[in-house]
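Below is coords.txt, holding compact mmCIF, C-alpha atoms and all ligand atoms.
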```txt
# COMPACT_ATOMS: atom_id res chain seq x y z
CA MET A 64 -8.37 16.36 -7.23
CA THR A 65 -5.91 15.25 -9.91
CA HIS A 66 -2.29 15.88 -8.94
CA GLY A 67 0.56 16.92 -11.27
CA THR A 68 1.94 14.77 -14.02
CA ALA A 69 4.14 12.01 -12.61
CA PRO A 70 2.28 8.71 -12.12
CA LEU A 71 0.59 7.72 -8.89
CA VAL A 72 0.66 3.94 -8.37
CA VAL A 73 -1.20 2.24 -5.54
CA VAL A 74 0.01 -1.16 -4.36
CA SER A 75 -2.55 -3.00 -2.31
CA GLY A 76 -3.33 -6.53 -1.19
CA PRO A 77 -3.75 -8.56 1.99
CA SER A 78 -1.43 -8.18 4.94
CA GLY A 79 1.47 -10.64 4.60
CA VAL A 80 1.25 -10.98 0.80
CA GLY A 81 4.62 -9.26 0.45
CA LYS A 82 3.77 -5.63 -0.38
CA SER A 83 6.64 -4.12 1.64
CA THR A 84 9.11 -6.68 0.33
CA VAL A 85 8.16 -6.17 -3.32
CA VAL A 86 8.03 -2.38 -2.99
CA ALA A 87 11.46 -2.32 -1.31
CA ARG A 88 12.89 -4.31 -4.23
CA ALA A 89 11.20 -2.00 -6.76
CA LEU A 90 12.78 1.03 -5.04
CA GLU A 91 16.21 -0.61 -5.22
CA LEU A 92 15.73 -1.22 -8.92
CA ASP A 93 14.44 2.31 -9.63
CA PRO A 94 15.52 4.95 -7.10
CA ARG A 95 13.57 7.70 -8.94
CA ILE A 96 10.37 6.39 -7.38
CA TRP A 97 9.20 7.97 -4.15
CA LEU A 98 7.38 5.81 -1.59
CA SER A 99 4.84 7.71 0.47
CA VAL A 100 5.24 7.49 4.27
CA SER A 101 1.88 6.96 5.95
CA ALA A 102 0.66 8.12 9.33
CA THR A 103 -0.57 5.38 11.66
CA THR A 104 -1.90 5.01 15.18
CA ARG A 105 -0.35 1.55 15.58
CA ALA A 106 2.78 1.09 17.70
CA PRO A 107 6.16 0.73 15.95
CA ARG A 108 7.44 -2.81 15.43
CA ALA A 109 10.99 -3.64 16.47
CA GLY A 110 13.35 -1.83 14.10
CA GLU A 111 10.76 0.61 12.73
CA GLN A 112 11.65 4.30 12.91
CA ASP A 113 9.32 7.28 13.11
CA GLY A 114 9.33 9.08 9.75
CA ARG A 115 10.88 6.13 7.88
CA GLU A 116 8.36 3.24 7.84
CA TYR A 117 5.54 5.41 9.23
CA PHE A 118 4.79 8.58 11.12
CA PHE A 119 3.63 7.05 14.39
CA VAL A 120 0.93 9.38 15.75
CA SER A 121 -1.54 9.50 18.62
CA ASP A 122 -5.31 9.18 18.08
CA GLU A 123 -5.60 12.94 18.65
CA GLU A 124 -2.96 13.73 16.04
CA PHE A 125 -4.66 11.42 13.56
CA ASP A 126 -8.02 13.15 14.26
CA ARG A 127 -6.34 16.47 13.51
CA LEU A 128 -4.92 15.23 10.20
CA VAL A 129 -8.40 14.05 9.18
CA SER A 130 -10.17 17.26 10.20
CA ASN A 131 -7.55 19.47 8.49
CA ASP A 132 -8.03 17.50 5.27
CA GLY A 133 -4.35 16.54 5.47
CA LEU A 134 -4.88 12.98 4.21
CA LEU A 135 -5.40 11.86 0.63
CA GLU A 136 -7.09 8.75 2.01
CA TRP A 137 -7.33 6.90 5.30
CA ALA A 138 -8.80 3.70 6.73
CA ALA A 139 -9.22 1.71 9.91
CA PHE A 140 -7.46 -1.64 9.65
CA ALA A 141 -7.07 -4.41 12.25
CA GLY A 142 -7.80 -2.04 15.14
CA HIS A 143 -5.66 0.93 14.04
CA ARG A 144 -5.91 3.86 11.62
CA TYR A 145 -3.61 4.48 8.65
CA GLY A 146 -3.55 7.40 6.21
CA THR A 147 -1.55 8.98 3.38
CA PRO A 148 -0.42 12.60 3.98
CA SER A 149 -1.51 14.43 0.83
CA ALA A 150 1.02 17.30 0.57
CA PRO A 151 4.16 15.17 0.02
CA VAL A 152 2.36 13.08 -2.62
CA ARG A 153 1.40 16.24 -4.50
CA ASP A 154 4.88 17.78 -4.15
CA HIS A 155 6.74 14.71 -5.39
CA ARG A 156 4.42 14.22 -8.34
CA GLU A 157 4.77 17.89 -9.28
CA SER A 158 8.57 17.55 -9.17
CA GLY A 159 8.32 14.63 -11.64
CA ALA A 160 8.86 11.65 -9.31
CA PRO A 161 6.54 8.66 -9.74
CA VAL A 162 4.83 8.06 -6.38
CA LEU A 163 3.98 4.68 -4.85
CA LEU A 164 1.41 4.19 -2.11
CA GLU A 165 1.43 0.90 -0.24
CA ILE A 166 -2.01 0.81 1.33
CA GLU A 167 -4.95 -1.50 2.05
CA VAL A 168 -8.04 -1.90 -0.10
CA GLN A 169 -10.41 0.67 1.46
CA GLY A 170 -7.75 3.34 0.95
CA ALA A 171 -7.15 2.22 -2.64
CA ARG A 172 -10.86 2.78 -3.33
CA GLN A 173 -10.63 6.34 -1.99
CA VAL A 174 -7.62 7.05 -4.23
CA ARG A 175 -9.63 5.74 -7.18
CA GLN A 176 -12.31 8.36 -6.40
CA ARG A 177 -9.98 11.27 -5.70
CA VAL A 178 -7.22 10.69 -8.28
CA PRO A 179 -8.82 9.36 -11.48
CA GLY A 180 -5.47 8.80 -13.26
CA ALA A 181 -4.00 6.62 -10.49
CA LEU A 182 -3.04 3.03 -11.34
CA LEU A 183 -4.28 0.46 -8.84
CA VAL A 184 -2.18 -2.70 -8.51
CA PHE A 185 -3.26 -5.67 -6.40
CA LEU A 186 -0.68 -8.12 -5.07
CA ALA A 187 -2.20 -11.57 -4.68
CA PRO A 188 -0.66 -14.60 -2.94
CA PRO A 189 -0.02 -17.79 -4.91
CA SER A 190 -2.47 -19.53 -2.50
CA TRP A 191 -4.31 -18.93 0.78
CA GLU A 192 -1.97 -21.37 2.58
CA ILE A 193 1.08 -19.44 1.38
CA LEU A 194 -0.48 -16.17 2.61
CA GLU A 195 -1.09 -17.71 6.07
CA GLY A 196 2.47 -19.02 6.10
CA ARG A 197 3.96 -15.61 5.21
CA LEU A 198 1.88 -13.74 7.75
CA THR A 199 2.64 -16.11 10.63
CA GLY A 200 6.24 -16.66 9.46
CA ARG A 201 6.95 -12.91 9.62
CA GLY A 202 6.49 -13.22 13.38
CA THR A 203 5.61 -9.57 13.97
CA GLU A 204 2.03 -10.02 15.22
CA SER A 205 0.38 -11.88 18.09
CA THR A 206 -1.85 -14.86 17.23
CA GLU A 207 -4.90 -12.66 17.76
CA ALA A 208 -3.57 -9.93 15.45
CA VAL A 209 -2.74 -12.54 12.79
CA GLN A 210 -6.35 -13.80 12.99
CA ARG A 211 -7.68 -10.23 12.56
CA ARG A 212 -5.44 -9.75 9.52
CA LEU A 213 -6.50 -13.07 7.98
CA ALA A 214 -10.18 -12.13 8.42
CA ALA A 215 -9.46 -8.84 6.61
CA ALA A 216 -7.46 -10.74 3.97
CA ALA A 217 -10.46 -12.83 2.94
CA GLU A 218 -12.41 -9.62 2.20
CA GLU A 219 -9.46 -7.98 0.48
CA LEU A 220 -8.92 -10.93 -1.86
CA ALA A 221 -12.55 -10.65 -2.92
CA ALA A 222 -11.88 -7.04 -4.04
CA GLN A 223 -9.08 -7.78 -6.51
CA GLY A 224 -11.40 -7.42 -9.50
CA GLU A 225 -11.67 -3.68 -8.72
CA PHE A 226 -7.98 -3.19 -9.52
CA ASP A 227 -6.35 -2.29 -12.84
CA VAL A 228 -3.68 -4.98 -12.54
CA VAL A 229 -3.29 -8.14 -10.44
CA LEU A 230 0.25 -9.42 -9.84
CA VAL A 231 0.75 -12.79 -8.14
CA ASN A 232 3.68 -12.49 -5.74
CA ALA A 233 5.41 -15.82 -6.24
CA ASP A 234 8.88 -14.35 -6.85
CA VAL A 235 9.85 -11.00 -5.32
CA ASP A 236 12.19 -9.87 -8.08
CA GLU A 237 9.81 -10.79 -10.88
CA CYS A 238 6.91 -9.10 -9.14
CA ALA A 239 8.96 -5.92 -8.51
CA ARG A 240 9.97 -5.78 -12.17
CA SER A 241 6.36 -6.15 -13.32
CA LEU A 242 5.36 -3.38 -10.92
CA LEU A 243 8.03 -1.09 -12.38
CA ALA A 244 6.89 -1.86 -15.91
CA TRP A 245 3.42 -0.69 -14.95
CA ALA A 246 4.70 2.32 -13.01
CA SER A 247 6.62 3.54 -16.05
CA ASP A 248 3.56 3.18 -18.30
CA PRO A 249 0.66 3.48 -15.91
CA SER A 250 -2.19 3.96 -18.36
CA PRO A 251 -4.64 1.14 -17.51
CA ALA A 252 -6.08 1.30 -21.01
CA ASP A 253 -2.90 0.69 -22.99
CA GLY A 254 -0.38 -0.81 -20.57
CA GLY A 255 1.56 -4.02 -21.16
CA GLY A 256 0.71 -6.25 -18.18
CA THR A 257 -2.20 -8.41 -17.19
CA PRO A 258 -5.38 -6.42 -16.66
CA ALA A 259 -7.38 -7.63 -13.66
CA SER A 260 -10.34 -8.46 -15.86
CA GLU A 261 -8.46 -11.02 -17.94
P1 LIG B 301 3.02 -7.06 3.61
O1 LIG B 301 3.82 -5.80 3.48
O2 LIG B 301 2.11 -7.30 2.45
O3 LIG B 301 2.28 -7.16 4.91
P2 LIG B 301 5.64 -8.35 3.85
O4 LIG B 301 6.40 -7.67 2.76
O5 LIG B 301 5.94 -7.95 5.27
O6 LIG B 301 4.05 -8.29 3.58
O7 LIG B 301 5.91 -9.91 3.65
C1 LIG B 301 5.40 -10.89 4.58
C2 LIG B 301 6.42 -12.04 4.70
O8 LIG B 301 6.47 -12.75 3.47
C3 LIG B 301 7.83 -11.54 4.97
O9 LIG B 301 8.43 -12.42 5.91
C4 LIG B 301 8.51 -11.61 3.61
O10 LIG B 301 9.90 -11.84 3.72
C5 LIG B 301 7.80 -12.80 2.96
N1 LIG B 301 7.70 -12.71 1.47
C6 LIG B 301 7.31 -11.65 0.73
N2 LIG B 301 7.30 -11.95 -0.59
C7 LIG B 301 7.69 -13.24 -0.69
C8 LIG B 301 7.87 -14.16 -1.79
N3 LIG B 301 7.64 -13.81 -3.06
N4 LIG B 301 8.28 -15.42 -1.51
C9 LIG B 301 8.50 -15.80 -0.22
N5 LIG B 301 8.35 -14.99 0.88
C10 LIG B 301 7.95 -13.74 0.65
P1 LIG B 302 1.03 -2.83 8.82
O1 LIG B 302 0.44 -2.65 10.18
O2 LIG B 302 1.27 -4.30 8.50
O3 LIG B 302 2.24 -1.96 8.58
O4 LIG B 302 -0.06 -2.33 7.77
C1 LIG B 302 -1.37 -2.86 7.82
C2 LIG B 302 -2.07 -2.53 6.53
O5 LIG B 302 -2.25 -1.11 6.43
C3 LIG B 302 -1.30 -2.94 5.28
O6 LIG B 302 -2.20 -3.57 4.39
C4 LIG B 302 -0.78 -1.64 4.74
O7 LIG B 302 -0.64 -1.67 3.32
C5 LIG B 302 -1.91 -0.70 5.13
N1 LIG B 302 -1.52 0.71 5.13
C6 LIG B 302 -0.31 1.26 5.41
N2 LIG B 302 -0.36 2.58 5.27
C7 LIG B 302 -1.60 2.90 4.87
C8 LIG B 302 -2.26 4.13 4.54
O8 LIG B 302 -1.70 5.22 4.56
N3 LIG B 302 -3.55 4.04 4.18
C9 LIG B 302 -4.23 2.86 4.13
N4 LIG B 302 -5.50 2.90 3.73
N5 LIG B 302 -3.65 1.69 4.42
C10 LIG B 302 -2.35 1.71 4.79
```
I'd like the structure from this file rewritten - as structure tokens, please.
Amino acid sequence: MTHGTAPLVVVSGPSGVGKSTVVARALELDPRIWLSVSATTRAPRAGEQDGREYFFVSDEEFDRLVSNDGLLEWAAFAGHRYGTPSAPVRDHRESGAPVLLEIEVQGARQVRQRVPGALLVFLAPPSWEILEGRLTGRGTESTEAVQRRLAAAAEELAAQGEFDVVLVNADVDECARSLLAWASDPSPADGGGTPASE
């Protein structure tokens, strides 16, 4: 299922590494890019709005999206389900807008299978201690939820070799600019960044 012509770029990496922060900066720098809004069964955090950060749905609604083949990919993560509605991704790509997905690793693998031309970017932390510090410092999860996310993070970090590009998020602006450079020339074979294998 290859969609349209505009690039599809997946940004993945452990919870707390800074995906939302870097993606938000990239969107400020290049407003042509469209960020997909996922569906999730988790509850909104303070300040999150339905339809903006996520579509917050019930378990039954999520089941329906899955059975109607409405999701490009989906995964269970830290006790909740998350998925990318496929129609808006297709529509934006067909209208010429580069599309970004900010999703976890299992979902990135599904995109790899279903959209062969997609570029998979992994955001890595400068160190494990810095990742722990960012996740706890964000203050949005309970201690138990932070522990679940750190357990998932260990597995996710081990998967970075499966990605086309690895960007270390030391500096938000620099990382966002590297992401945009890849998004504007997303061919893994001839791009100008640091391939994951090097
Ligand atoms: P994710 O979306 O990957 O879960 P967030 O974007 O919510 O992560 O970032 C987690 C925390 O780390 C936030 O408090 C954010 O402000 C902070 N952060 C993100 N990138 C950096 C960075 N390069 N340097 C310092 N702090 C950062
Ligand atoms: P959070 O609860 O912190 O918003 O997100 C938890 C994790 O789910 C993050 O790693 C985030 O990137 C990921 N995520 C968000 N939306 C999706 C999605 O549509 N699909 C998948 N597979 N992961 C998602």
* To do: Throw together the list of residues within 10 Å of ligand LIG 301 (chain B), counting all atoms listed in the file, and drop it here as an MDAnalysis selection string.
  => chainID A and resid 74:87 165:167 186:189 193:203 212 231:239
* Select all residues near (5.2, 17.0, -9.5) (cut-off 8 Å, inclusive, file coordinates), counting all atoms listed in the file, and output them as a list in words. => His66, Gly67, Thr68, Ala69, Arg153, Asp154, His155, Arg156, Glu157, Ser158, Gly159 and Ala160 of chain A
Cut-off 10 Å: closest chain A/ligand LIG 302 (chain B) atom pairs per residue, using all atoms listed in the file, as JSON lines:
```
{"residue": "A:Val73", "atom": "CA", "partner": "B:LIG302", "partner_atom": "O7", "distance": 9.7}
{"residue": "A:Val74", "atom": "CA", "partner": "B:LIG302", "partner_atom": "O7", "distance": 7.7}
{"residue": "A:Ser75", "atom": "CA", "partner": "B:LIG302", "partner_atom": "O7", "distance": 6.1}
{"residue": "A:Gly76", "atom": "CA", "partner": "B:LIG302", "partner_atom": "O6", "distance": 6.4}
{"residue": "A:Pro77", "atom": "CA", "partner": "B:LIG302", "partner_atom": "O6", "distance": 5.8}
{"residue": "A:Ser78", "atom": "CA", "partner": "B:LIG302", "partner_atom": "O6", "distance": 4.7}
{"residue": "A:Gly79", "atom": "CA", "partner": "B:LIG302", "partner_atom": "O2", "distance": 7.4}
{"residue": "A:Val80", "atom": "CA", "partner": "B:LIG302", "partner_atom": "O6", "distance": 8.9}
{"residue": "A:Gly81", "atom": "CA", "partner": "B:LIG302", "partner_atom": "O7", "distance": 9.7}
{"residue": "A:Lys82", "atom": "CA", "partner": "B:LIG302", "partner_atom": "O7", "distance": 7.0}
{"residue": "A:Ser83", "atom": "CA", "partner": "B:LIG302", "partner_atom": "O7", "distance": 7.9}
{"residue": "A:Ser99", "atom": "CA", "partner": "B:LIG302", "partner_atom": "O8", "distance": 8.1}
{"residue": "A:Val100", "atom": "CA", "partner": "B:LIG302", "partner_atom": "O8", "distance": 7.3}
{"residue": "A:Ser101", "atom": "CA", "partner": "B:LIG302", "partner_atom": "O8", "distance": 4.2}
{"residue": "A:Ala102", "atom": "CA", "partner": "B:LIG302", "partner_atom": "O8", "distance": 6.1}
{"residue": "A:Thr103", "atom": "CA", "partner": "B:LIG302", "partner_atom": "N2", "distance": 7.0}
{"residue": "A:Thr104", "atom": "CA", "partner": "B:LIG302", "partner_atom": "O1", "distance": 9.4}
{"residue": "A:Arg105", "atom": "CA", "partner": "B:LIG302", "partner_atom": "O1", "distance": 6.9}
{"residue": "A:Ala106", "atom": "CA", "partner": "B:LIG302", "partner_atom": "O1", "distance": 8.7}
{"residue": "A:Pro107", "atom": "CA", "partner": "B:LIG302", "partner_atom": "O3", "distance": 8.8}
{"residue": "A:Arg108", "atom": "CA", "partner": "B:LIG302", "partner_atom": "O3", "distance": 8.6}
{"residue": "A:Glu111", "atom": "CA", "partner": "B:LIG302", "partner_atom": "O3", "distance": 9.8}
{"residue": "A:Glu116", "atom": "CA", "partner": "B:LIG302", "partner_atom": "O3", "distance": 8.1}
{"residue": "A:Tyr117", "atom": "CA", "partner": "B:LIG302", "partner_atom": "N2", "distance": 7.6}
{"residue": "A:Phe118", "atom": "CA", "partner": "B:LIG302", "partner_atom": "O8", "distance": 9.8}
{"residue": "A:Leu134", "atom": "CA", "partner": "B:LIG302", "partner_atom": "O8", "distance": 8.4}
{"residue": "A:Leu135", "atom": "CA", "partner": "B:LIG302", "partner_atom": "O8", "distance": 8.6}
{"residue": "A:Glu136", "atom": "CA", "partner": "B:LIG302", "partner_atom": "N3", "distance": 6.3}
{"residue": "A:Trp137", "atom": "CA", "partner": "B:LIG302", "partner_atom": "N4", "distance": 4.7}
{"residue": "A:Ala138", "atom": "CA", "partner": "B:LIG302", "partner_atom": "N4", "distance": 4.5}
{"residue": "A:Ala139", "atom": "CA", "partner": "B:LIG302", "partner_atom": "N4", "distance": 7.3}
{"residue": "A:Phe140", "atom": "CA", "partner": "B:LIG302", "partner_atom": "O5", "distance": 6.1}
{"residue": "A:Ala141", "atom": "CA", "partner": "B:LIG302", "partner_atom": "C1", "distance": 7.4}
{"residue": "A:Gly142", "atom": "CA", "partner": "B:LIG302", "partner_atom": "O1", "distance": 9.6}
{"residue": "A:His143", "atom": "CA", "partner": "B:LIG302", "partner_atom": "O1", "distance": 8.1}
{"residue": "A:Arg144", "atom": "CA", "partner": "B:LIG302", "partner_atom": "C9", "distance": 7.7}
{"residue": "A:Tyr145", "atom": "CA", "partner": "B:LIG302", "partner_atom": "C8", "distance": 4.3}
{"residue": "A:Gly146", "atom": "CA", "partner": "B:LIG302", "partner_atom": "O8", "distance": 3.3}
{"residue": "A:Thr147", "atom": "CA", "partner": "B:LIG302", "partner_atom": "O8", "distance": 3.9}
{"residue": "A:Pro148", "atom": "CA", "partner": "B:LIG302", "partner_atom": "O8", "distance": 7.5}
{"residue": "A:Ser149", "atom": "CA", "partner": "B:LIG302", "partner_atom": "O8", "distance": 9.9}
{"residue": "A:Leu164", "atom": "CA", "partner": "B:LIG302", "partner_atom": "O8", "distance": 7.4}
{"residue": "A:Glu165", "atom": "CA", "partner": "B:LIG302", "partner_atom": "O7", "distance": 4.9}
{"residue": "A:Ile166", "atom": "CA", "partner": "B:LIG302", "partner_atom": "O7", "distance": 3.5}
{"residue": "A:Glu167", "atom": "CA", "partner": "B:LIG302", "partner_atom": "O6", "distance": 4.2}
{"residue": "A:Val168", "atom": "CA", "partner": "B:LIG302", "partner_atom": "N4", "distance": 6.6}
{"residue": "A:Gln169", "atom": "CA", "partner": "B:LIG302", "partner_atom": "N4", "distance": 5.9}
{"residue": "A:Gly170", "atom": "CA", "partner": "B:LIG302", "partner_atom": "N4", "distance": 3.6}
{"residue": "A:Ala171", "atom": "CA", "partner": "B:LIG302", "partner_atom": "N4", "distance": 6.6}
{"residue": "A:Arg172", "atom": "CA", "partner": "B:LIG302", "partner_atom": "N4", "distance": 8.9}
{"residue": "A:Gln173", "atom": "CA", "partner": "B:LIG302", "partner_atom": "N4", "distance": 8.4}
{"residue": "A:Val174", "atom": "CA", "partner": "B:LIG302", "partner_atom": "N4", "distance": 9.2}
{"residue": "A:Leu198", "atom": "CA", "partner": "B:LIG302", "partner_atom": "O2", "distance": 9.5}
{"residue": "A:Thr203", "atom": "CA", "partner": "B:LIG302", "partner_atom": "O2", "distance": 8.7}
{"residue": "A:Glu204", "atom": "CA", "partner": "B:LIG302", "partner_atom": "O2", "distance": 8.9}
{"residue": "A:Ala208", "atom": "CA", "partner": "B:LIG302", "partner_atom": "O1", "distance": 9.8}
{"residue": "A:Arg212", "atom": "CA", "partner": "B:LIG302", "partner_atom": "C1", "distance": 8.2}
{"residue": "A:Ala215", "atom": "CA", "partner": "B:LIG302", "partner_atom": "O6", "distance": 9.2}
{"residue": "A:Ala216", "atom": "CA", "partner": "B:LIG302", "partner_atom": "O6", "distance": 8.9}
{"residue": "A:Glu219", "atom": "CA", "partner": "B:LIG302", "partner_atom": "O6", "distance": 9.4}
```
* Structure fact -> Between A:Ile96, A:Val120, A:Leu128, A:Trp191, smallest distance to A:Val72 by all atoms listed in the file belongs to A:Ile96
* To do: Tell me which protein, DNA and RNA residues are within 12 Å of A:Pro94, counting all atoms listed in the file, leaving out same-chain ones fewer than 3 positions away, and put them as an MDAnalysis selection string.
  => chainID A and resid 86:91 97:98 160:163 243
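Closest approach to A:Arg95 among A:Pro70, A:Gly224, A:Gly180, A:Pro151: A:Pro70, based on all atoms listed in the file.
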* Check the smallest atom-to-atom distance from each of A:Val129, A:Leu71, A:Ala221, A:Val229 to A:Pro179 using only C-alpha atoms, then report the winner. =>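 Between A:Val129, A:Leu71, A:Ala221, A:Val229, the residue approaching A:Pro179 most closely is A:Leu71.
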* Hey, can you check how far atom CA of A:Ala246 sits from atom CA of A:Val184? ->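 Between atom CA of A:Ala246 and atom CA of A:Val184 the gap is 9.6 Å.
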* To do: Between atom CA of A:Ser190 and atom CA of A:Ala109, measure the distance and give it in Å to one decimal.
  => 28.2 Å
* To do: Work out how far atom CA of A:Leu230 is from atom CA of A:Ala217, in Å to one decimal.
  =>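 Atom CA of A:Ala217 sits 17.0 Å away from atom CA of A:Leu230.
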